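Listing of input-v9.cif; format and content: mmCIF, C-alpha atoms and all ligand atoms.
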data_my_file
loop_
_atom_site.label_atom_id
_atom_site.label_comp_id
_atom_site.auth_asym_id
_atom_site.auth_seq_id
_atom_site.Cartn_x
_atom_site.Cartn_y
_atom_site.Cartn_z
CA MET X 141 -10.14 -8.42 -20.88
CA LYS X 142 -10.98 -8.23 -17.20
CA LYS X 143 -11.18 -4.74 -15.72
CA LEU X 144 -8.66 -4.15 -12.95
CA VAL X 145 -9.24 -0.93 -11.03
CA VAL X 146 -6.54 0.46 -8.76
CA SER X 147 -7.19 2.98 -6.00
CA SER X 148 -3.84 4.37 -4.89
CA GLY X 149 -2.81 6.68 -2.07
CA ALA X 150 0.37 8.32 -0.84
CA GLY X 151 1.90 4.96 0.18
CA ILE X 152 2.49 3.92 -3.44
CA SER X 153 4.82 6.90 -3.89
CA ALA X 154 6.57 6.56 -0.51
CA GLU X 155 9.37 4.40 -1.93
CA SER X 156 9.91 7.05 -4.61
CA GLY X 157 10.71 9.59 -1.90
CA MET X 158 7.35 11.38 -1.70
CA MET X 159 6.32 11.91 1.93
CA THR X 160 3.03 10.35 2.95
CA TYR X 161 0.62 12.57 4.87
CA ARG X 162 -0.23 10.77 8.11
CA ASP X 163 2.67 8.42 8.84
CA ALA X 164 5.02 9.60 11.61
CA GLY X 165 7.16 12.38 10.15
CA GLY X 166 4.67 12.72 7.27
CA LEU X 167 3.69 15.93 5.53
CA TRP X 168 0.94 16.81 8.01
CA ASP X 169 3.43 16.48 10.90
CA THR X 170 5.65 19.01 9.17
CA TYR X 171 3.05 21.48 7.87
CA PRO X 172 -0.31 22.40 9.45
CA VAL X 173 -2.74 20.70 7.09
CA MET X 174 -5.47 23.31 7.45
CA GLU X 175 -3.01 26.08 6.51
CA VAL X 176 -1.67 24.50 3.33
CA ALA X 177 -4.45 22.20 2.14
CA SER X 178 -7.80 23.74 2.98
CA ALA X 179 -10.07 26.25 1.29
CA GLU X 180 -9.89 28.42 4.46
CA GLY X 181 -6.09 28.22 4.49
CA PHE X 182 -5.94 29.35 0.87
CA ALA X 183 -8.29 32.26 1.54
CA ALA X 184 -6.27 33.28 4.61
CA ASN X 185 -2.76 33.06 3.15
CA PRO X 186 -2.54 32.56 -0.62
CA PRO X 187 1.24 33.31 -0.83
CA LEU X 188 1.94 30.43 1.57
CA ILE X 189 -0.10 28.04 -0.55
CA HIS X 190 1.70 29.08 -3.74
CA GLU X 191 5.06 28.64 -2.03
CA PHE X 192 4.15 25.25 -0.56
CA TYR X 193 2.97 23.73 -3.86
CA SER X 194 5.78 25.37 -5.86
CA ASN X 195 8.32 23.72 -3.54
CA MET X 196 6.57 20.37 -3.85
CA ARG X 197 6.62 20.63 -7.66
CA LYS X 198 10.33 21.33 -7.71
CA LYS X 199 11.03 18.40 -5.42
CA MET X 200 8.88 16.12 -7.53
CA GLN X 201 10.56 17.18 -10.76
CA ASP X 202 14.13 16.99 -9.44
CA THR X 203 14.28 14.01 -7.11
CA VAL X 204 11.23 11.77 -7.44
CA HIS X 205 10.82 8.95 -9.97
CA PRO X 206 8.29 6.13 -10.44
CA ASN X 207 9.10 2.97 -8.47
CA ALA X 208 8.56 -0.74 -9.13
CA ALA X 209 4.96 -0.54 -7.87
CA HIS X 210 3.99 2.13 -10.42
CA LEU X 211 5.83 0.16 -13.13
CA GLY X 212 4.21 -3.13 -12.09
CA LEU X 213 0.77 -1.62 -12.64
CA VAL X 214 1.84 -0.64 -16.17
CA ASP X 215 2.98 -4.23 -16.77
CA LEU X 216 -0.48 -5.49 -15.77
CA GLU X 217 -1.92 -3.61 -18.77
CA LYS X 218 -0.68 -6.58 -20.88
CA ASP X 219 -3.25 -8.82 -19.18
CA PHE X 220 -5.94 -6.49 -17.87
CA ASP X 221 -7.87 -3.36 -18.72
CA VAL X 222 -6.21 -1.31 -15.96
CA ARG X 223 -7.82 1.89 -14.68
CA ILE X 224 -6.12 3.90 -11.96
CA ILE X 225 -7.89 6.16 -9.52
CA THR X 226 -5.34 8.01 -7.41
CA GLN X 227 -5.64 10.33 -4.45
CA ASN X 228 -2.10 11.41 -5.22
CA VAL X 229 -1.33 14.78 -6.73
CA ASP X 230 2.00 13.53 -8.08
CA ASP X 231 2.31 12.36 -11.70
CA LEU X 232 4.23 9.14 -11.04
CA HIS X 233 1.57 6.84 -12.53
CA GLU X 234 1.69 8.87 -15.76
CA ARG X 235 5.50 9.01 -15.77
CA ALA X 236 5.59 5.24 -15.29
CA GLY X 237 3.39 4.89 -18.39
CA SER X 238 -0.09 4.06 -17.07
CA LYS X 239 -2.63 4.87 -19.78
CA HIS X 240 -5.72 5.67 -17.71
CA VAL X 241 -5.24 7.76 -14.57
CA LEU X 242 -7.96 9.67 -12.76
CA HIS X 243 -6.81 12.14 -10.08
CA LEU X 244 -9.36 12.47 -7.28
CA HIS X 245 -7.50 15.23 -5.42
CA GLY X 246 -6.09 17.19 -8.35
CA GLU X 247 -2.64 17.46 -9.88
CA LEU X 248 0.46 19.16 -8.57
CA MET X 249 1.80 19.96 -12.04
CA LYS X 250 -1.34 21.90 -13.02
CA VAL X 251 -2.79 25.26 -12.06
CA ARG X 252 -6.12 26.73 -13.05
CA SER X 253 -7.66 30.14 -13.54
CA MET X 254 -9.32 31.52 -10.41
CA ARG X 255 -11.97 33.15 -12.57
CA HIS X 256 -12.55 30.37 -15.12
CA PRO X 257 -11.83 27.02 -13.41
CA GLU X 258 -12.14 25.18 -16.72
CA ARG X 259 -8.94 26.91 -17.90
CA ILE X 260 -6.28 24.48 -16.69
CA TYR X 261 -2.55 24.84 -17.40
CA GLN X 262 0.08 22.10 -17.30
CA LEU X 263 3.34 23.40 -15.80
CA PRO X 264 5.80 24.53 -16.99
CA CYS X 265 3.62 26.66 -19.26
CA ASP X 266 4.74 29.36 -21.72
CA GLN X 267 1.31 30.99 -21.64
CA LEU X 268 1.65 32.03 -18.01
CA THR X 269 3.57 35.08 -16.84
CA ASP X 270 5.70 32.71 -14.73
CA LYS X 271 7.08 30.09 -17.11
CA GLY X 272 8.62 27.66 -14.63
CA LEU X 273 7.25 25.47 -11.85
CA THR X 274 6.88 28.35 -9.41
CA THR X 275 3.63 30.28 -9.20
CA THR X 276 2.75 33.23 -6.96
CA VAL X 277 -0.29 35.40 -6.28
CA ASP X 278 0.99 37.60 -9.13
CA THR X 279 1.09 34.83 -11.74
CA ARG X 280 -1.37 35.57 -14.56
CA ASP X 281 -2.82 33.42 -17.33
CA PRO X 282 -3.17 34.69 -20.95
CA TYR X 283 -6.49 36.36 -20.02
CA GLY X 284 -4.87 38.33 -17.20
CA ASP X 285 -6.49 36.18 -14.50
CA PRO X 286 -4.72 34.86 -11.39
CA VAL X 287 -4.20 31.12 -11.02
CA ARG X 288 -4.30 28.64 -8.14
CA PRO X 289 -3.00 25.11 -7.67
CA HIS X 290 -5.23 22.51 -9.37
CA ILE X 291 -5.64 20.71 -6.04
CA VAL X 292 -8.80 19.71 -4.20
CA PHE X 293 -8.48 21.43 -0.82
CA PHE X 294 -10.28 20.21 2.28
CA GLY X 295 -13.69 21.89 2.25
CA GLU X 296 -14.00 21.70 -1.56
CA SER X 297 -16.03 19.28 -3.62
CA VAL X 298 -14.42 16.28 -5.32
CA PRO X 299 -15.66 16.50 -8.92
CA GLU X 300 -13.97 13.26 -10.04
CA PHE X 301 -15.64 11.17 -7.35
CA GLU X 302 -18.63 10.13 -9.49
CA PRO X 303 -16.50 8.97 -12.42
CA ALA X 304 -14.35 7.08 -9.88
CA VAL X 305 -17.42 5.33 -8.46
CA GLY X 306 -18.42 4.37 -12.01
CA LEU X 307 -15.04 2.71 -12.53
CA VAL X 308 -15.17 0.83 -9.22
CA GLN X 309 -18.64 -0.45 -10.05
CA GLN X 310 -17.29 -1.97 -13.28
CA ALA X 311 -14.26 -3.58 -11.64
CA ASP X 312 -13.67 -7.33 -11.82
CA ILE X 313 -10.65 -6.83 -9.59
CA LEU X 314 -10.10 -3.87 -7.26
CA VAL X 315 -6.66 -3.16 -5.81
CA VAL X 316 -6.28 -0.54 -3.07
CA ILE X 317 -2.67 0.50 -2.43
CA GLY X 318 -1.03 2.66 0.24
CA THR X 319 -3.85 4.64 1.75
CA SER X 320 -4.91 5.11 5.36
CA LEU X 321 -8.56 5.16 4.24
CA VAL X 322 -9.39 8.14 6.45
CA VAL X 323 -10.11 10.85 3.86
CA TYR X 324 -13.63 10.82 2.45
CA PRO X 325 -15.12 10.43 -0.03
CA ALA X 326 -12.07 8.55 -1.41
CA ALA X 327 -12.13 6.07 1.47
CA ALA X 328 -15.69 5.10 0.57
CA LEU X 329 -14.77 3.88 -2.93
CA LEU X 330 -14.23 0.34 -1.65
CA GLN X 331 -17.90 0.13 -0.70
CA TYR X 332 -18.96 0.51 -4.35
CA ALA X 333 -17.33 -2.74 -5.50
CA ARG X 334 -19.90 -5.21 -6.87
CA ARG X 335 -20.51 -8.48 -5.08
CA GLY X 336 -18.01 -10.98 -6.36
CA THR X 337 -15.33 -8.40 -7.19
CA GLU X 338 -11.95 -9.61 -5.93
CA VAL X 339 -10.57 -6.89 -3.67
CA TYR X 340 -6.92 -6.59 -2.57
CA TYR X 341 -5.41 -4.03 -0.19
CA ILE X 342 -1.63 -3.56 -0.17
CA ASP X 343 -0.30 -1.54 2.78
CA PRO X 344 2.40 -2.31 5.39
CA ASN X 345 0.18 -0.78 8.07
CA PRO X 346 -3.32 -1.48 6.77
CA ALA X 347 -6.46 0.18 8.10
CA SER X 348 -9.20 -2.16 9.24
CA VAL X 349 -11.27 -3.35 6.28
CA PRO X 350 -14.15 -5.81 5.77
CA SER X 351 -13.26 -9.51 5.83
CA TRP X 352 -13.90 -9.95 2.09
CA VAL X 353 -10.83 -7.80 1.35
CA HIS X 354 -7.57 -9.76 0.79
CA VAL X 355 -4.98 -7.79 2.73
CA ILE X 356 -1.35 -7.92 1.56
CA PRO X 357 0.48 -6.29 4.49
CA LYS X 358 3.57 -5.22 2.56
CA LYS X 359 5.21 -2.17 1.04
CA ALA X 360 3.85 -1.23 -2.39
CA THR X 361 6.84 -2.50 -4.40
CA GLU X 362 6.76 -5.95 -2.77
CA GLY X 363 2.98 -6.12 -2.56
CA VAL X 364 2.50 -5.30 -6.26
CA ALA X 365 5.09 -7.95 -7.21
CA ASP X 366 3.15 -10.51 -5.10
CA LEU X 367 -0.13 -9.43 -6.64
CA ILE X 368 1.21 -9.82 -10.18
CA LYS X 369 2.34 -13.39 -9.42
CA LEU X 370 -0.97 -14.18 -7.79
CA LEU X 371 -3.06 -12.82 -10.69
CA ARG X 372 -0.90 -14.53 -13.33
CA ASN X 373 -1.16 -17.90 -11.58
CA GLN X 374 -4.94 -17.78 -11.37
P1 LIG O 1 -1.90 8.84 4.29
O1 LIG O 1 -0.63 9.53 4.62
O2 LIG O 1 -3.10 9.15 5.11
O3 LIG O 1 -1.66 7.26 4.37
C1 LIG O 1 -0.53 6.68 3.78
C2 LIG O 1 -0.68 5.19 3.80
O4 LIG O 1 0.42 4.65 3.10
C3 LIG O 1 -0.69 4.56 5.21
O5 LIG O 1 -1.74 3.63 5.31
C4 LIG O 1 0.68 3.88 5.27
O6 LIG O 1 0.65 2.68 6.05
C5 LIG O 1 0.91 3.55 3.81
N1 LIG O 1 2.33 3.37 3.43
C6 LIG O 1 3.44 3.92 3.95
N2 LIG O 1 4.54 3.49 3.29
C7 LIG O 1 4.10 2.65 2.33
C8 LIG O 1 4.75 1.87 1.30
N3 LIG O 1 6.07 1.89 1.12
N4 LIG O 1 3.97 1.12 0.50
C9 LIG O 1 2.61 1.11 0.64
N5 LIG O 1 1.96 1.79 1.57
C10 LIG O 1 2.69 2.56 2.41
O7 LIG O 1 -2.16 9.08 2.72
P2 LIG O 1 -3.53 8.96 1.90
O8 LIG O 1 -4.41 7.90 2.44
O9 LIG O 1 -3.16 8.90 0.45
O10 LIG O 1 -5.23 14.93 0.14
O11 LIG O 1 -4.15 10.39 2.20
C11 LIG O 1 -5.34 10.79 1.59
C12 LIG O 1 -5.36 12.27 1.35
O12 LIG O 1 -5.04 12.99 2.54
C13 LIG O 1 -4.31 12.75 0.37
O13 LIG O 1 -4.71 12.58 -0.98
C14 LIG O 1 -4.15 14.21 0.71
C15 LIG O 1 -4.20 14.12 2.22
O14 LIG O 1 -4.70 15.22 2.87
C16 LIG O 1 -5.03 16.21 -0.25
O15 LIG O 1 -4.01 16.83 -0.04
C17 LIG O 1 -6.18 16.82 -0.97
#
Starting from the file, give its structure as structure tokens.
Amino acid sequence: MKKLVVSSGAGISAESGMMTYRDAGGLWDTYPVMEVASAEGFAANPPLIHEFYSNMRKKMQDTVHPNAAHLGLVDLEKDFDVRIITQNVDDLHERAGSKHVLHLHGELMKVRSMRHPERIYQLPCDQLTDKGLTTTVDTRDPYGDPVRPHIVFFGESVPEFEPAVGLVQQADILVVIGTSLVVYPAAALLQYARRGTEVYYIDPNPASVPSWVHVIPKKATEGVADLIKLLRNQ
């Protein structure tokens, strides 16, 4: 089976009702990015960070569902060995049913121990002092340690980048969906595709990319439907 690697960004979840970050009216227009998504912001105001991610979790749980683009990628598993690398912290690829999902920027529905980062908890979690989706600076894990969102903040390293590069290097087909390609190192992934890899980029407002990339300038749901037809007719 050919290996089809997907690199998704906020745009794939836009039609599910998740705000993107940099489109007009996006999350970073509404909240100061360095306050809610940076290592400095977390150090300066941890309660704000807990509140921000707790609210996002609630919204994701209550009102956001996978869309036809997420589901289309699951359908492609019939024909391809599909591996998803996502910059998204939402769990819509998993909820859609994708088998292999690597989160470059962490996961909204997880928190981890501040003292032992390898202790990661999927929310809601009975082992924590707060059993729901809300965490605060007072939330403790079973060892009595405070927890923090399992999110890669600006200024922190991206531990899943190397595994992601490994996947891109093995790709026969690479599909980039819904990302402005401005946040590094994620934006650099494209550069690791082998010569001869077919590369597609689905985005209604695509960033400029090398000429060997086939751009599909459409929303994710339409673009993924086009891609499926295209790949099945090859
Ligand atoms: P951006 O908000 O920077 O870019 C969103 C992209 O989605 C843009 O290129 C839009 O044109 C596109 N888009 C909008 N609606 C779409 C639709 N219906 N279908 C397909 N594409 C659509 O989001 P990212 O590139 O994902 O990191 O941002 C990268 C990182 O910056 C995020 O992971 C986040 C943020 O800071 C962290 O929070 C750690």
Please check which protein, DNA or RNA residues sit within 6 Å of ligand LIG 1 (chain O), counting all atoms listed in the file, and write them as a list in words.
-> Gly149, Ala150, Gly151, Ile152, Ala154, Glu155, Thr160, Tyr161, Arg162, Asp163, Ala177, Gln227, Asn228, His245, Val292, Phe293, Gly318, Thr319, Ser320, Leu321, Val323, Asp343, Pro344, Asn345, Pro346, Lys359 and Ala360 of chain X
Could you write out the selected residues, including C-alpha atoms, as a short mmCIF file (atom, residue, chain, number, x, y, z; two decimals), in the coordinates of the input?
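File written: result-v2.cif
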data_model
loop_
_atom_site.label_atom_id
_atom_site.label_comp_id
_atom_site.auth_asym_id
_atom_site.auth_seq_id
_atom_site.Cartn_x
_atom_site.Cartn_y
_atom_site.Cartn_z
CA GLY X 149 -2.81 6.68 -2.07
CA ALA X 150 0.37 8.32 -0.84
CA GLY X 151 1.90 4.96 0.18
CA ILE X 152 2.49 3.92 -3.44
CA ALA X 154 6.57 6.56 -0.51
CA GLU X 155 9.37 4.40 -1.93
CA THR X 160 3.03 10.35 2.95
CA TYR X 161 0.62 12.57 4.87
CA ARG X 162 -0.23 10.77 8.11
CA ASP X 163 2.67 8.42 8.84
CA ALA X 177 -4.45 22.20 2.14
CA GLN X 227 -5.64 10.33 -4.45
CA ASN X 228 -2.10 11.41 -5.22
CA HIS X 245 -7.50 15.23 -5.42
CA VAL X 292 -8.80 19.71 -4.20
CA PHE X 293 -8.48 21.43 -0.82
CA GLY X 318 -1.03 2.66 0.24
CA THR X 319 -3.85 4.64 1.75
CA SER X 320 -4.91 5.11 5.36
CA LEU X 321 -8.56 5.16 4.24
CA VAL X 323 -10.11 10.85 3.86
CA ASP X 343 -0.30 -1.54 2.78
CA PRO X 344 2.40 -2.31 5.39
CA ASN X 345 0.18 -0.78 8.07
CA PRO X 346 -3.32 -1.48 6.77
CA LYS X 359 5.21 -2.17 1.04
CA ALA X 360 3.85 -1.23 -2.39
#
Could you check which of X:Phe301, X:Tyr340, X:Tyr332, X:Phe192 is closest to Leu244 of chain X, using all atoms listed in the file?
->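 The answer is X:Phe301, which sits nearest to Leu244 of chain X.
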Taking all atoms of segment 189-204 of chain X that the file lists and extending 5 Å past them on each side, where is the centre of the axis-aligned box and how long are its edges? Answer in Å to one decimal, as AutoDock Vina command-line options.
--center_x 7.1 --center_y 20.4 --center_z -5.7 --size_x 24.4 --size_y 27.3 --size_z 20.2
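Residues in contact range of Gly237 of chain X, defined as at most 10 Å between only C-alpha atoms, with sequence neighbours fewer than 4 positions away removed, read Pro206, His210, Leu211, Leu213, Val214, Asp215, Leu232, His233 and Val241 of chain X.
Between atom CA of Lys271 of chain X and atom CA of Leu167 of chain X lies a distance of 26.9 Å.
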Shortest interatomic distance to Ala326 of chain X - which of X:Asp231, X:Lys198, X:Ala304, X:Ala208, counting all atoms listed in the file | X:Ala304
Spatial neighbours of Ile225 of chain X, 6 Å, all atoms listed in the file, chain gap at least 6 places, as a list in words |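 The contact residues come out as Val146, Ser147, Val241 and Leu242 of chain X.
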Write a file of the selected residues as a JSON list (two decimals), in the frame of the given file, keeping C-alpha atoms.
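Below is the file that was written, again28.json:
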[["chain", "number", "residue", "atom", "x", "y", "z"],
["X", 146, "VAL", "CA", -6.54, 0.46, -8.76],
["X", 147, "SER", "CA", -7.19, 2.98, -6.00],
["X", 241, "VAL", "CA", -5.24, 7.76, -14.57],
["X", 242, "LEU", "CA", -7.96, 9.67, -12.76]]
Tell me which of X:Gly165, X:Gly246, X:Pro357, X:Pro286 sits closest to His190 of chain X, counting all atoms listed in the file.
->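 The answer is X:Pro286, which sits nearest to His190 of chain X.
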Interatomic distance (Å, one decimal) between atom CA of Thr269 of chain X and atom CA of Ala179 of chain X |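 Separation between atom CA of Thr269 of chain X and atom CA of Ala179 of chain X: 24.3 Å.
In this comparison, which uses only C-alpha atoms, the residue of X:Gly181, X:Pro257, X:Pro187, X:Gly306 approaching Asp278 of chain X most closely is X:Pro187.
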State, in Å with one decimal place, the distance from atom CA of Tyr193 of chain X to atom CA of Leu329 of chain X.
->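 Interatomic distance here is 26.6 Å.
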Nearest to Thr279 of chain X: which of X:Asp266, X:Asp202, X:Asp230, X:Glu362 is it, counting all atoms listed in the file?
->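 Closest candidate: X:Asp266.
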Determine the nearest neighbour of Arg197 of chain X from the options X:Gln267, X:Thr275, X:Ser156, X:Ser178, counting only C-alpha atoms.
->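 Smallest distance to Arg197 of chain X is found for X:Thr275.
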Excluding same-chain residues fewer than 5 positions from Val277 of chain X, what lies within 12 Å of it counting only C-alpha atoms, as a PyMOL selection string?
-> chain X and resi 182-183+185-191+194+251+253-254+269-270+285-289
Tell me which protein, DNA and RNA residues are within 9 Å of Ala311 of chain X, counting only C-alpha atoms, leaving out same-chain ones fewer than 6 positions away, and put them as a PDB file with C-alpha atoms, keeping the file's coordinate frame.
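Result written to part22.pdb:
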ATOM      1  CA  LYS X 142     -10.980  -8.230 -17.200  1.00  0.00           C
ATOM      2  CA  LYS X 143     -11.180  -4.740 -15.720  1.00  0.00           C
ATOM      3  CA  LEU X 144      -8.660  -4.150 -12.950  1.00  0.00           C
ATOM      4  CA  VAL X 145      -9.240  -0.930 -11.030  1.00  0.00           C
ATOM      5  CA  ARG X 223      -7.820   1.890 -14.680  1.00  0.00           C
ATOM      6  CA  ALA X 333     -17.330  -2.740  -5.500  1.00  0.00           C
ATOM      7  CA  ARG X 334     -19.900  -5.210  -6.870  1.00  0.00           C
ATOM      8  CA  THR X 337     -15.330  -8.400  -7.190  1.00  0.00           C
ATOM      9  CA  GLU X 338     -11.950  -9.610  -5.930  1.00  0.00           C
TER      10      GLU X 338
END
Residue contacts of segment 351-353 of chain X (10 Å, all atoms listed in the file) excluding same-chain residues fewer than 4 positions away, as a PyMOL selection string = chain X and resi 314-316+330+335-341
